[in-house]
file input08.txt (compact mmCIF, C-alpha atoms)
# COMPACT_ATOMS: atom_id res chain seq x y z
CA MET A 1 -137.71 162.39 -158.47
CA ASN A 2 -136.67 162.78 -162.06
CA ALA A 3 -136.53 166.53 -161.60
CA VAL A 4 -133.46 166.25 -159.41
CA SER A 5 -130.42 167.06 -161.49
CA GLN A 6 -127.44 164.76 -161.34
CA LEU A 7 -125.42 167.30 -159.36
CA ASP A 8 -128.00 167.53 -156.59
CA GLN A 9 -128.19 163.82 -155.98
CA VAL A 10 -126.73 162.76 -152.67
CA LYS A 11 -123.78 160.48 -153.25
CA THR A 12 -123.57 157.51 -150.97
CA GLY A 13 -120.15 155.99 -151.67
CA PRO A 14 -117.78 155.83 -148.72
CA TRP A 15 -115.28 158.23 -150.31
CA ASN A 16 -117.85 160.80 -151.48
CA GLY A 17 -118.12 162.71 -148.23
CA GLY A 18 -120.83 162.84 -145.61
CA ARG A 19 -119.28 160.15 -143.46
CA SER A 20 -115.89 158.79 -142.54
CA PRO A 21 -114.73 156.24 -145.11
CA TRP A 22 -112.91 154.41 -142.32
CA SER A 23 -115.91 154.47 -139.96
CA VAL A 24 -113.68 156.15 -137.42
CA GLU A 25 -114.57 159.36 -135.70
CA TYR A 26 -112.62 162.46 -136.78
CA GLY A 27 -110.82 163.01 -133.48
CA LYS A 28 -109.66 159.42 -133.42
CA ILE A 29 -108.24 159.63 -136.93
CA MET A 30 -106.39 162.79 -135.97
CA MET A 31 -105.00 161.08 -132.87
CA TRP A 32 -103.78 158.22 -135.05
CA PHE A 33 -102.10 160.61 -137.46
CA PHE A 34 -100.48 162.50 -134.59
CA LEU A 35 -99.18 159.21 -133.21
CA LEU A 36 -97.84 158.28 -136.65
CA SER A 37 -95.86 161.53 -136.77
CA ASP A 38 -94.71 160.97 -133.21
CA ALA A 39 -93.60 157.47 -134.17
CA PHE A 40 -91.45 159.04 -136.88
CA THR A 41 -89.84 161.36 -134.33
CA PHE A 42 -89.04 158.51 -131.98
CA SER A 43 -87.82 156.41 -134.89
CA SER A 44 -85.35 159.06 -135.96
CA LEU A 45 -83.99 159.34 -132.42
CA LEU A 46 -83.63 155.59 -132.09
CA ILE A 47 -82.15 155.21 -135.58
CA TYR A 48 -79.53 157.84 -134.75
CA TYR A 49 -78.77 155.88 -131.60
CA GLY A 50 -78.44 152.69 -133.65
CA ALA A 51 -76.18 154.34 -136.20
CA GLN A 52 -73.93 155.70 -133.45
CA ARG A 53 -73.71 152.33 -131.80
CA PHE A 54 -72.93 150.62 -135.08
CA SER A 55 -70.16 153.08 -135.83
CA LYS A 56 -68.37 152.58 -132.50
CA LEU A 57 -66.06 149.66 -131.83
CA THR A 58 -67.25 149.37 -128.23
CA TRP A 59 -70.18 150.62 -126.19
CA PRO A 60 -70.99 150.72 -122.45
CA ALA A 61 -72.46 147.34 -121.47
CA PRO A 62 -76.10 147.62 -120.34
CA ASP A 63 -75.61 144.83 -117.77
CA LYS A 64 -72.90 146.90 -116.10
CA VAL A 65 -74.48 150.34 -116.38
CA PHE A 66 -77.90 149.28 -115.17
CA GLN A 67 -77.32 146.80 -112.39
CA SER A 68 -78.76 148.37 -109.28
CA ILE A 69 -82.16 148.33 -107.64
CA PRO A 70 -82.17 151.73 -105.92
CA GLY A 71 -82.70 151.37 -102.20
CA VAL A 72 -82.33 147.60 -102.28
CA MET A 73 -79.00 146.67 -103.81
CA GLU A 74 -76.32 148.69 -105.51
CA HIS A 75 -74.71 145.98 -107.67
CA GLY A 76 -75.35 142.61 -109.20
CA ALA A 77 -78.96 142.91 -110.27
CA PRO A 78 -78.84 143.77 -113.97
CA LEU A 79 -82.15 144.65 -115.64
CA VAL A 80 -84.28 144.03 -112.57
CA PHE A 81 -85.23 147.65 -111.92
CA VAL A 82 -86.02 148.33 -115.58
CA GLY A 83 -88.00 145.09 -115.56
CA ILE A 84 -90.17 146.52 -112.79
CA MET A 85 -90.62 149.73 -114.81
CA THR A 86 -91.64 147.73 -117.89
CA PHE A 87 -94.12 145.75 -115.85
CA ILE A 88 -95.63 148.94 -114.40
CA LEU A 89 -96.10 150.44 -117.85
CA ILE A 90 -97.63 147.30 -119.40
CA MET A 91 -99.90 147.03 -116.36
CA SER A 92 -101.07 150.63 -116.73
CA SER A 93 -101.73 149.94 -120.40
CA VAL A 94 -104.03 147.11 -119.35
CA THR A 95 -105.94 149.28 -116.88
CA MET A 96 -106.32 151.85 -119.69
CA VAL A 97 -107.90 149.27 -122.04
CA LEU A 98 -110.17 148.23 -119.21
CA ALA A 99 -111.22 151.90 -118.81
CA VAL A 100 -111.98 152.03 -122.55
CA GLU A 101 -113.92 148.77 -122.29
CA ALA A 102 -115.93 150.14 -119.34
CA GLY A 103 -116.57 153.29 -121.42
CA HIS A 104 -118.26 151.20 -124.08
CA ARG A 105 -120.66 149.91 -121.49
CA ARG A 106 -121.01 153.53 -120.29
CA SER A 107 -120.21 152.42 -116.78
CA LYS A 108 -119.05 155.68 -115.24
CA LYS A 109 -117.94 154.12 -111.96
CA GLU A 110 -115.69 151.56 -113.63
CA VAL A 111 -114.17 154.14 -115.98
CA ILE A 112 -113.26 156.28 -112.96
CA GLY A 113 -111.70 153.33 -111.16
CA TRP A 114 -109.58 152.18 -114.09
CA MET A 115 -108.53 155.72 -114.98
CA ILE A 116 -107.30 156.27 -111.42
CA ALA A 117 -105.35 152.98 -111.65
CA THR A 118 -103.81 154.14 -114.95
CA ILE A 119 -102.79 157.49 -113.48
CA ILE A 120 -101.19 155.79 -110.47
CA GLY A 121 -99.28 153.52 -112.85
CA GLY A 122 -98.08 156.55 -114.77
CA PHE A 123 -96.84 158.27 -111.63
CA MET A 124 -95.10 155.10 -110.48
CA PHE A 125 -93.29 154.84 -113.81
CA LEU A 126 -92.25 158.50 -113.64
CA GLY A 127 -91.00 157.98 -110.09
CA CYS A 128 -88.92 154.99 -111.18
CA GLN A 129 -87.51 156.96 -114.07
CA ALA A 130 -86.55 159.82 -111.75
CA ILE A 131 -84.69 157.33 -109.54
CA GLU A 132 -83.01 155.77 -112.58
CA TRP A 133 -81.87 159.18 -113.83
CA THR A 134 -80.60 160.23 -110.41
CA HIS A 135 -78.67 157.00 -110.11
CA LEU A 136 -76.99 157.38 -113.49
CA HIS A 137 -76.31 161.03 -112.76
CA HIS A 138 -74.53 160.08 -109.54
CA ASP A 139 -72.45 157.61 -111.52
CA GLY A 140 -71.23 160.63 -113.49
CA PHE A 141 -73.31 160.41 -116.67
CA TRP A 142 -75.23 163.44 -117.89
CA TRP A 143 -75.63 165.49 -121.05
CA GLY A 144 -72.05 166.46 -121.86
CA HIS A 145 -70.60 164.66 -118.81
CA ILE A 146 -69.09 161.22 -118.36
CA PRO A 147 -67.15 159.58 -115.52
CA SER A 148 -63.35 159.58 -115.66
CA ALA A 149 -61.58 157.02 -117.85
CA GLU A 150 -60.64 155.05 -114.72
CA GLU A 151 -64.25 154.86 -113.47
CA LEU A 152 -65.53 154.07 -116.95
CA LYS A 153 -63.79 150.69 -116.78
CA HIS A 154 -66.64 149.48 -114.60
CA PHE A 155 -69.16 150.16 -117.34
CA PHE A 156 -67.51 148.25 -120.17
CA ASN A 157 -67.21 144.51 -120.63
CA LYS A 158 -63.39 144.67 -120.77
CA PRO A 159 -61.17 147.45 -119.32
CA GLU A 160 -59.41 147.90 -122.68
CA ASP A 161 -62.79 148.54 -124.33
CA VAL A 162 -63.21 151.95 -122.68
CA SER A 163 -64.13 154.62 -125.20
CA LEU A 164 -64.75 158.20 -124.14
CA ILE A 165 -66.63 159.08 -127.33
CA ALA A 166 -68.91 156.05 -127.09
CA SER A 167 -69.60 156.81 -123.41
CA GLN A 168 -70.49 160.41 -124.19
CA GLN A 169 -72.77 159.38 -127.06
CA PHE A 170 -74.41 156.83 -124.79
CA ALA A 171 -74.99 159.41 -122.04
CA ASN A 172 -76.40 162.06 -124.39
CA LEU A 173 -78.67 159.64 -126.22
CA PHE A 174 -79.85 157.86 -123.09
CA PHE A 175 -80.97 161.07 -121.40
CA THR A 176 -82.41 162.55 -124.59
CA ILE A 177 -84.43 159.51 -125.62
CA THR A 178 -85.65 158.38 -122.19
CA GLY A 179 -86.24 162.06 -121.41
CA PHE A 180 -88.38 162.52 -124.51
CA HIS A 181 -90.25 159.35 -123.63
CA GLY A 182 -90.65 160.42 -120.00
CA PHE A 183 -92.03 163.74 -121.17
CA HIS A 184 -94.62 161.79 -123.17
CA VAL A 185 -95.52 159.76 -120.09
CA PHE A 186 -95.83 162.98 -118.10
CA SER A 187 -98.15 164.60 -120.69
CA GLY A 188 -100.09 161.34 -120.81
CA VAL A 189 -100.64 161.43 -117.05
CA ILE A 190 -101.80 165.06 -117.25
CA ILE A 191 -104.23 164.24 -120.09
CA ASN A 192 -105.45 161.18 -118.15
CA ILE A 193 -106.13 163.40 -115.13
CA ILE A 194 -108.12 165.84 -117.29
CA ILE A 195 -110.16 162.97 -118.72
CA LEU A 196 -110.71 161.59 -115.20
CA ILE A 197 -112.05 164.95 -114.01
CA MET A 198 -114.31 165.16 -117.06
CA THR A 199 -115.59 161.64 -116.33
CA ILE A 200 -116.27 162.49 -112.69
CA ASN A 201 -118.09 165.66 -113.78
CA GLY A 202 -120.32 163.51 -115.97
CA THR A 203 -119.29 165.24 -119.21
CA PHE A 204 -119.18 161.99 -121.18
CA GLU A 205 -122.37 160.76 -119.54
CA LYS A 206 -124.14 163.83 -120.95
CA ARG A 207 -122.41 163.45 -124.32
CA GLY A 208 -123.67 159.90 -124.54
CA HIS A 209 -120.33 158.30 -125.34
CA TYR A 210 -116.86 157.85 -123.88
CA LEU A 211 -114.89 158.38 -127.11
CA MET A 212 -112.49 160.76 -125.37
CA VAL A 213 -111.36 157.89 -123.14
CA GLU A 214 -110.57 155.90 -126.28
CA LYS A 215 -108.52 158.75 -127.75
CA VAL A 216 -106.39 159.27 -124.67
CA GLY A 217 -106.17 155.47 -124.50
CA LEU A 218 -104.56 155.44 -127.95
CA TYR A 219 -102.00 157.98 -126.76
CA TRP A 220 -101.28 156.03 -123.59
CA HIS A 221 -100.74 152.75 -125.48
CA PHE A 222 -98.42 154.54 -127.86
CA VAL A 223 -96.28 155.64 -124.92
CA ASP A 224 -96.15 152.01 -123.81
CA LEU A 225 -95.25 150.98 -127.36
CA VAL A 226 -92.32 153.39 -127.50
CA TRP A 227 -91.07 152.07 -124.16
CA VAL A 228 -91.00 148.53 -125.59
CA PHE A 229 -88.50 149.76 -128.18
CA VAL A 230 -86.48 151.91 -125.79
CA PHE A 231 -86.26 148.96 -123.40
CA THR A 232 -84.95 146.65 -126.13
CA PHE A 233 -82.40 148.97 -127.64
CA PHE A 234 -81.01 150.53 -124.45
CA TYR A 235 -81.21 147.70 -121.97
CA LEU A 236 -81.18 144.41 -123.87
CA VAL A 237 -79.20 144.77 -127.10
CA MET B 238 -131.00 155.45 -142.59
CA SER B 239 -129.60 158.30 -144.65
CA GLU B 240 -125.85 158.71 -144.88
CA HIS B 241 -126.03 162.10 -143.23
CA SER B 242 -127.38 160.95 -139.95
CA HIS B 243 -124.14 159.20 -138.99
CA THR B 244 -123.01 160.80 -135.81
CA THR B 245 -120.11 160.17 -133.52
CA GLU B 246 -122.30 158.23 -131.14
CA GLU B 247 -122.97 155.53 -133.69
CA HIS B 248 -119.33 155.08 -134.57
CA GLY B 249 -118.55 154.57 -130.93
CA HIS B 250 -120.58 151.41 -130.88
CA ASP B 251 -120.25 149.59 -134.16
CA ASP B 252 -116.47 149.60 -134.47
CA HIS B 253 -115.75 148.15 -131.09
CA ALA B 254 -117.01 144.64 -130.95
CA GLY B 255 -113.93 142.46 -130.55
CA LEU B 256 -112.25 143.18 -127.23
CA SER B 257 -113.68 141.50 -124.15
CA LYS B 258 -112.17 141.58 -120.68
CA GLY B 259 -110.93 138.03 -121.09
CA LYS B 260 -109.14 138.93 -124.31
CA ILE B 261 -107.52 141.98 -122.65
CA TRP B 262 -106.02 139.82 -119.90
CA LYS B 263 -104.92 137.25 -122.46
CA VAL B 264 -103.00 139.91 -124.42
CA PHE B 265 -101.51 141.12 -121.14
CA GLY B 266 -100.37 137.58 -120.43
CA ILE B 267 -98.73 137.32 -123.85
CA LEU B 268 -96.90 140.65 -123.39
CA LEU B 269 -95.70 139.58 -119.98
CA LEU B 270 -94.58 136.19 -121.28
CA ILE B 271 -92.56 137.78 -124.10
CA THR B 272 -90.88 140.12 -121.60
CA VAL B 273 -90.05 137.17 -119.34
CA ILE B 274 -88.51 135.33 -122.31
CA GLU B 275 -86.38 138.42 -123.05
CA PHE B 276 -85.19 138.40 -119.45
CA ILE B 277 -84.31 134.73 -119.56
CA ILE B 278 -82.25 135.34 -122.70
CA ALA B 279 -80.50 138.36 -121.15
CA LEU B 280 -79.85 136.91 -117.70
CA VAL B 281 -79.41 133.18 -118.34
CA LEU B 282 -78.91 132.14 -121.96
CA ILE B 283 -76.36 134.79 -123.00
CA PRO B 284 -74.24 134.83 -119.78
CA LYS B 285 -74.04 131.02 -119.85
CA GLY B 286 -73.00 131.05 -123.49
CA ILE B 287 -75.99 129.04 -124.69
CA MET B 288 -76.82 131.91 -127.04
CA THR B 289 -74.42 134.45 -128.55
CA GLN B 290 -75.06 138.14 -127.99
CA HIS B 291 -75.23 138.63 -131.75
CA PHE B 292 -77.94 136.00 -132.24
CA GLY B 293 -79.69 137.22 -129.09
CA ASN B 294 -79.99 140.70 -130.57
CA TYR B 295 -81.96 139.33 -133.53
CA VAL B 296 -84.22 137.41 -131.16
CA TYR B 297 -84.78 140.59 -129.10
CA ILE B 298 -85.81 142.54 -132.20
CA VAL B 299 -88.24 139.83 -133.34
CA LEU B 300 -89.76 139.64 -129.83
CA THR B 301 -90.00 143.44 -129.66
CA LEU B 302 -91.84 143.59 -132.98
CA LEU B 303 -94.16 140.85 -131.73
CA LYS B 304 -94.93 142.89 -128.61
CA ALA B 305 -95.48 145.98 -130.76
CA PHE B 306 -97.93 143.98 -132.88
CA TYR B 307 -99.97 142.92 -129.86
CA ILE B 308 -100.09 146.44 -128.44
CA VAL B 309 -101.10 148.07 -131.73
CA ALA B 310 -103.46 145.33 -132.90
CA TYR B 311 -105.35 144.70 -129.67
CA PHE B 312 -104.77 147.50 -127.16
CA MET B 313 -104.91 150.20 -129.83
CA HIS B 314 -107.59 148.22 -131.57
CA LEU B 315 -106.12 148.52 -135.07
CA LYS B 316 -106.95 144.90 -135.86
CA TYR B 317 -110.64 145.75 -135.77
CA GLU B 318 -110.42 148.92 -137.88
CA LYS B 319 -111.01 149.02 -141.61
CA LEU B 320 -108.25 147.91 -143.97
CA GLY B 321 -107.91 151.46 -145.32
CA LEU B 322 -106.93 152.87 -141.94
CA GLN B 323 -104.65 149.93 -141.21
CA LEU B 324 -102.79 150.51 -144.46
CA ALA B 325 -102.64 154.29 -144.03
CA LEU B 326 -100.93 153.84 -140.68
CA THR B 327 -98.55 150.99 -141.47
CA VAL B 328 -97.43 151.46 -145.08
CA SER B 329 -95.60 154.68 -144.20
CA PHE B 330 -93.20 152.63 -142.10
CA ILE B 331 -91.56 151.56 -145.35
CA PHE B 332 -89.75 154.89 -145.12
CA ILE B 333 -88.63 154.12 -141.58
CA ILE B 334 -87.30 150.72 -142.65
CA TYR B 335 -85.42 152.39 -145.49
CA PHE B 336 -84.06 154.96 -143.02
CA ILE B 337 -82.88 152.18 -140.68
CA VAL B 338 -81.10 150.36 -143.49
CA LEU B 339 -79.53 153.60 -144.69
CA MET B 340 -78.23 154.75 -141.29
CA LEU B 341 -76.99 151.35 -140.14
CA THR B 342 -75.09 150.93 -143.40
CA GLU B 343 -73.54 154.32 -142.77
CA GLY B 344 -72.70 153.36 -139.17
CA GLY B 345 -71.20 150.07 -140.31
CA PHE B 346 -69.05 151.90 -142.86
CA LEU B 347 -67.69 154.26 -140.18
CA ASN B 348 -67.02 151.32 -137.89
CA LEU B 349 -65.02 149.55 -140.59
CA HIS B 350 -62.89 152.59 -141.31
CA MET B 351 -62.28 153.57 -137.70
CA MET B 352 -60.74 150.15 -137.06
CA HIS B 353 -57.73 151.13 -139.13
CA HIS B 354 -56.88 154.02 -136.83
call {"tool": "encode", "arguments": {"input": "input08.txt", "output": "structure tokens"}}
result
Amino acid sequence: MNAVSQLDQVKTGPWNGGRSPWSVEYGKIMMWFFLLSDAFTFSSLLIYYGAQRFSKLTWPAPDKVFQSIPGVMEHGAPLVFVGIMTFILIMSSVTMVLAVEAGHRRSKKEVIGWMIATIIGGFMFLGCQAIEWTHLHHDGFWWGHIPSAEELKHFFNKPEDVSLIASQQFANLFFTITGFHGFHVFSGVIINIIILIMTINGTFEKRGHYLMVEKVGLYWHFVDLVWVFVFTFFYLV
Amino acid sequence: MSEHSHTTEEHGHDDHAGLSKGKIWKVFGILLLITVIEFIIALVLIPKGIMTQHFGNYVYIVLTLLKAFYIVAYFMHLKYEKLGLQLALTVSFIFIIYFIVLMLTEGGFLNLHMMHH
């Protein structure tokens, strides 16, 4: 015992190597750090949106721009459709946690069930977003395109409020930010499908743990988290 | 147990005690409730003039941050992680807050000066 030199002694402190000081598995830490960087990206987009909105005297009114339920009613139902989208995303977040919870009990059947539910939720959200985009596109909004000044009167609180610059900024930022978010949802669905296939194949059963489900769960909740902010700043404020 | 025998399998179990199915549904209920409150503000309180749009915006932001807390703390499980990880992930948002203050000040300045045109 005494022959062991000081250098050769195994250090046991949490920050001396050999184990994670945070008791979190490496892949999970990396997912967290990726999400942190992603949060910065989304923040900069939303902050630019906020700065633009602050600098303009008027802005298209959310209640007027988003007031249709596609296929049901064209006018007079502000926020209802986006409310459905929000509900779908929160719901799919819940099924994802339930998949993670089932993973802890290593219940393969339940993980498969909840993952399928999550994937369906993801597709439903993407479908709704496609409808929402199409609708706004038909109204005349797109990257670099806005309706005529006459038509724009319907999208502002007062006809004299109409601002072409504000409308263009709104259109560009709406499609960029919801597009970037939708792309995240899309990648999330793809990753969820991969994890589902791996679960069905019994990969995690053989590995002895369902940590991968937790990691994709983190990503999926983050997508939900971003939507909470997008929803507030585009549809409510 | 020696420090070197810690494997991923062990971590999977010990850091995941807190979240039962009941708790998951409870958090879901809270998130849903907050969203419903936001809708009531947007569709009833503001149109009827009970609440001003300006005040409503502050309420929306507080409610949004509350929802964000529930998602991160419970669904993403951060509440049950070690303090070190919690700090590593949240302290950096000081920069974001600074960025928000900076850009909104800038936007407000532009707004003020465009009014004179």
call {"tool": "interface_residues", "arguments": {"input": "input08.txt", "of": "chain A", "to": "chain B", "cutoff": "7 Å", "atoms": "only C-alpha atoms", "output": "ChimeraX atom specification"}}
result
/A:12,18-19,22-25,36,47,50-52,54-57,94,97,208-209,211,218,221,225,228-229,232,236-237
call {"tool": "atom_distance", "arguments": {"input": "input08.txt", "atom1": "atom CA of Glu101 of chain A", "atom2": "atom CA of Thr199 of chain A"}}
result
14.3 Å
call {"tool": "atom_distance", "arguments": {"input": "input08.txt", "atom1": "atom CA of Thr176 of chain A", "atom2": "atom CA of Gly122 of chain A"}}
result
19.4 Å
call {"tool": "residues_around", "arguments": {"input": "input08.txt", "residues": "Thr41 of chain A", "least_positions_apart": "6", "cutoff": "12 Å", "atoms": "only C-alpha atoms", "output": "list in words"}}
result
Phe34, Leu35, Ile47, Tyr48, Ile177, Phe180, His181 and Val226 of chain A; Ile333 of chain B
call {"tool": "residues_around", "arguments": {"input": "input08.txt", "residues": "Ala117 of chain A", "least_positions_apart": "2", "cutoff": "12 Å", "atoms": "only C-alpha atoms", "output": "list in words"}}
result
Ile88, Leu89, Met91, Ser92, Ser93, Val94, Thr95, Met96, Val97, Leu98, Ala99, Glu110, Val111, Ile112, Gly113, Trp114, Met115, Ile119, Ile120, Gly121, Gly122, Phe123, Met124, Val189, Asn192, Ile193 and Leu196 of chain A
call {"tool": "closest_residue", "arguments": {"input": "input08.txt", "among": "A:Met31, A:Ala102, A:Ile131, A:Ile146", "to": "Phe81 of chain A", "atoms": "all atoms listed in the file"}}
result
A:Ile131
call {"tool": "residues_around", "arguments": {"input": "input08.txt", "residues": "Phe66 of chain A", "least_positions_apart": "6", "cutoff": "10 Å", "atoms": "all atoms listed in the file", "output": "JSON, numbers by chain"}}
result
{"A": [74, 75, 76, 77, 78, 79, 80, 81, 82, 132, 135, 136, 155, 234, 235]}
call {"tool": "closest_residue", "arguments": {"input": "input08.txt", "among": "A:Gly83, A:Ala149, A:Gly71, A:Leu7", "to": "Ile274 of chain B", "atoms": "only C-alpha atoms"}}
result
A:Gly83
call {"tool": "atom_distance", "arguments": {"input": "input08.txt", "atom1": "atom CA of Arg105 of chain A", "atom2": "atom CA of Glu214 of chain A"}}
result
12.7 Å
call {"tool": "residues_around", "arguments": {"input": "input08.txt", "residues": "Trp220 of chain A", "least_positions_apart": "2", "cutoff": "8 Å", "atoms": "all atoms listed in the file", "output": "mmCIF file with C-alpha atoms, in the coordinates of the input"}}
result
data_model
loop_
_atom_site.group_PDB
_atom_site.id
_atom_site.type_symbol
_atom_site.label_atom_id
_atom_site.label_comp_id
_atom_site.auth_asym_id
_atom_site.auth_seq_id
_atom_site.Cartn_x
_atom_site.Cartn_y
_atom_site.Cartn_z
ATOM 1 C CA SER A 93 -101.730 149.940 -120.400
ATOM 2 C CA MET A 96 -106.320 151.850 -119.690
ATOM 3 C CA VAL A 185 -95.520 159.760 -120.090
ATOM 4 C CA GLY A 188 -100.090 161.340 -120.810
ATOM 5 C CA VAL A 216 -106.390 159.270 -124.670
ATOM 6 C CA GLY A 217 -106.170 155.470 -124.500
ATOM 7 C CA LEU A 218 -104.560 155.440 -127.950
ATOM 8 C CA PHE A 222 -98.420 154.540 -127.860
ATOM 9 C CA VAL A 223 -96.280 155.640 -124.920
ATOM 10 C CA ASP A 224 -96.150 152.010 -123.810
#
call {"tool": "build_atoms", "arguments": {"input": "input08.txt", "residues": "segment 17-40 of chain A", "atoms": "N, CA and C atoms", "output": "compact mmCIF listing (two decimals), in the coordinates of the input"}}
result
# COMPACT_ATOMS: atom_id res chain seq x y z
N GLY A 17 -117.79 161.72 -149.24
CA GLY A 17 -118.12 162.71 -148.23
C GLY A 17 -119.37 162.32 -147.46
N GLY A 18 -119.63 163.08 -146.41
CA GLY A 18 -120.83 162.84 -145.61
C GLY A 18 -120.59 161.92 -144.44
N ARG A 19 -119.63 161.00 -144.61
CA ARG A 19 -119.28 160.15 -143.46
C ARG A 19 -117.83 159.69 -143.59
N SER A 20 -117.29 159.21 -142.51
CA SER A 20 -115.89 158.79 -142.54
C SER A 20 -115.75 157.49 -143.31
N PRO A 21 -114.91 157.47 -144.34
CA PRO A 21 -114.73 156.24 -145.11
C PRO A 21 -114.15 155.11 -144.26
N TRP A 22 -113.51 155.44 -143.17
CA TRP A 22 -112.91 154.41 -142.32
C TRP A 22 -113.81 154.06 -141.13
N SER A 23 -115.01 154.65 -141.10
CA SER A 23 -115.91 154.47 -139.96
C SER A 23 -115.22 154.77 -138.64
N VAL A 24 -114.34 155.75 -138.66
CA VAL A 24 -113.68 156.15 -137.42
C VAL A 24 -113.97 157.63 -137.21
N GLU A 25 -114.23 157.98 -135.99
CA GLU A 25 -114.57 159.36 -135.70
C GLU A 25 -113.36 160.27 -135.96
N TYR A 26 -113.66 161.50 -136.36
CA TYR A 26 -112.62 162.46 -136.78
C TYR A 26 -111.48 162.59 -135.77
N GLY A 27 -111.84 162.82 -134.51
CA GLY A 27 -110.82 163.01 -133.48
C GLY A 27 -109.90 161.81 -133.35
N LYS A 28 -110.46 160.63 -133.55
CA LYS A 28 -109.66 159.42 -133.42
C LYS A 28 -108.67 159.30 -134.58
N ILE A 29 -109.15 159.65 -135.78
CA ILE A 29 -108.24 159.63 -136.93
C ILE A 29 -107.09 160.60 -136.71
N MET A 30 -107.43 161.79 -136.20
CA MET A 30 -106.39 162.79 -135.97
C MET A 30 -105.39 162.31 -134.92
N MET A 31 -105.90 161.63 -133.88
CA MET A 31 -105.00 161.08 -132.87
C MET A 31 -104.07 160.06 -133.51
N TRP A 32 -104.61 159.20 -134.37
CA TRP A 32 -103.78 158.22 -135.05
C TRP A 32 -102.70 158.90 -135.89
N PHE A 33 -103.09 159.94 -136.60
CA PHE A 33 -102.10 160.61 -137.46
C PHE A 33 -101.04 161.31 -136.62
N PHE A 34 -101.47 161.88 -135.49
CA PHE A 34 -100.48 162.50 -134.59
C PHE A 34 -99.50 161.43 -134.11
N LEU A 35 -100.05 160.27 -133.72
CA LEU A 35 -99.18 159.21 -133.21
C LEU A 35 -98.23 158.72 -134.29
N LEU A 36 -98.71 158.69 -135.54
CA LEU A 36 -97.84 158.28 -136.65
C LEU A 36 -96.65 159.24 -136.75
N SER A 37 -96.95 160.54 -136.67
CA SER A 37 -95.86 161.53 -136.77
C SER A 37 -94.93 161.42 -135.58
N ASP A 38 -95.52 161.13 -134.41
CA ASP A 38 -94.71 160.97 -133.21
C ASP A 38 -93.83 159.73 -133.33
N ALA A 39 -94.38 158.68 -133.96
CA ALA A 39 -93.60 157.47 -134.17
C ALA A 39 -92.39 157.78 -135.05
N PHE A 40 -92.58 158.66 -136.02
CA PHE A 40 -91.45 159.04 -136.88
C PHE A 40 -90.37 159.76 -136.06
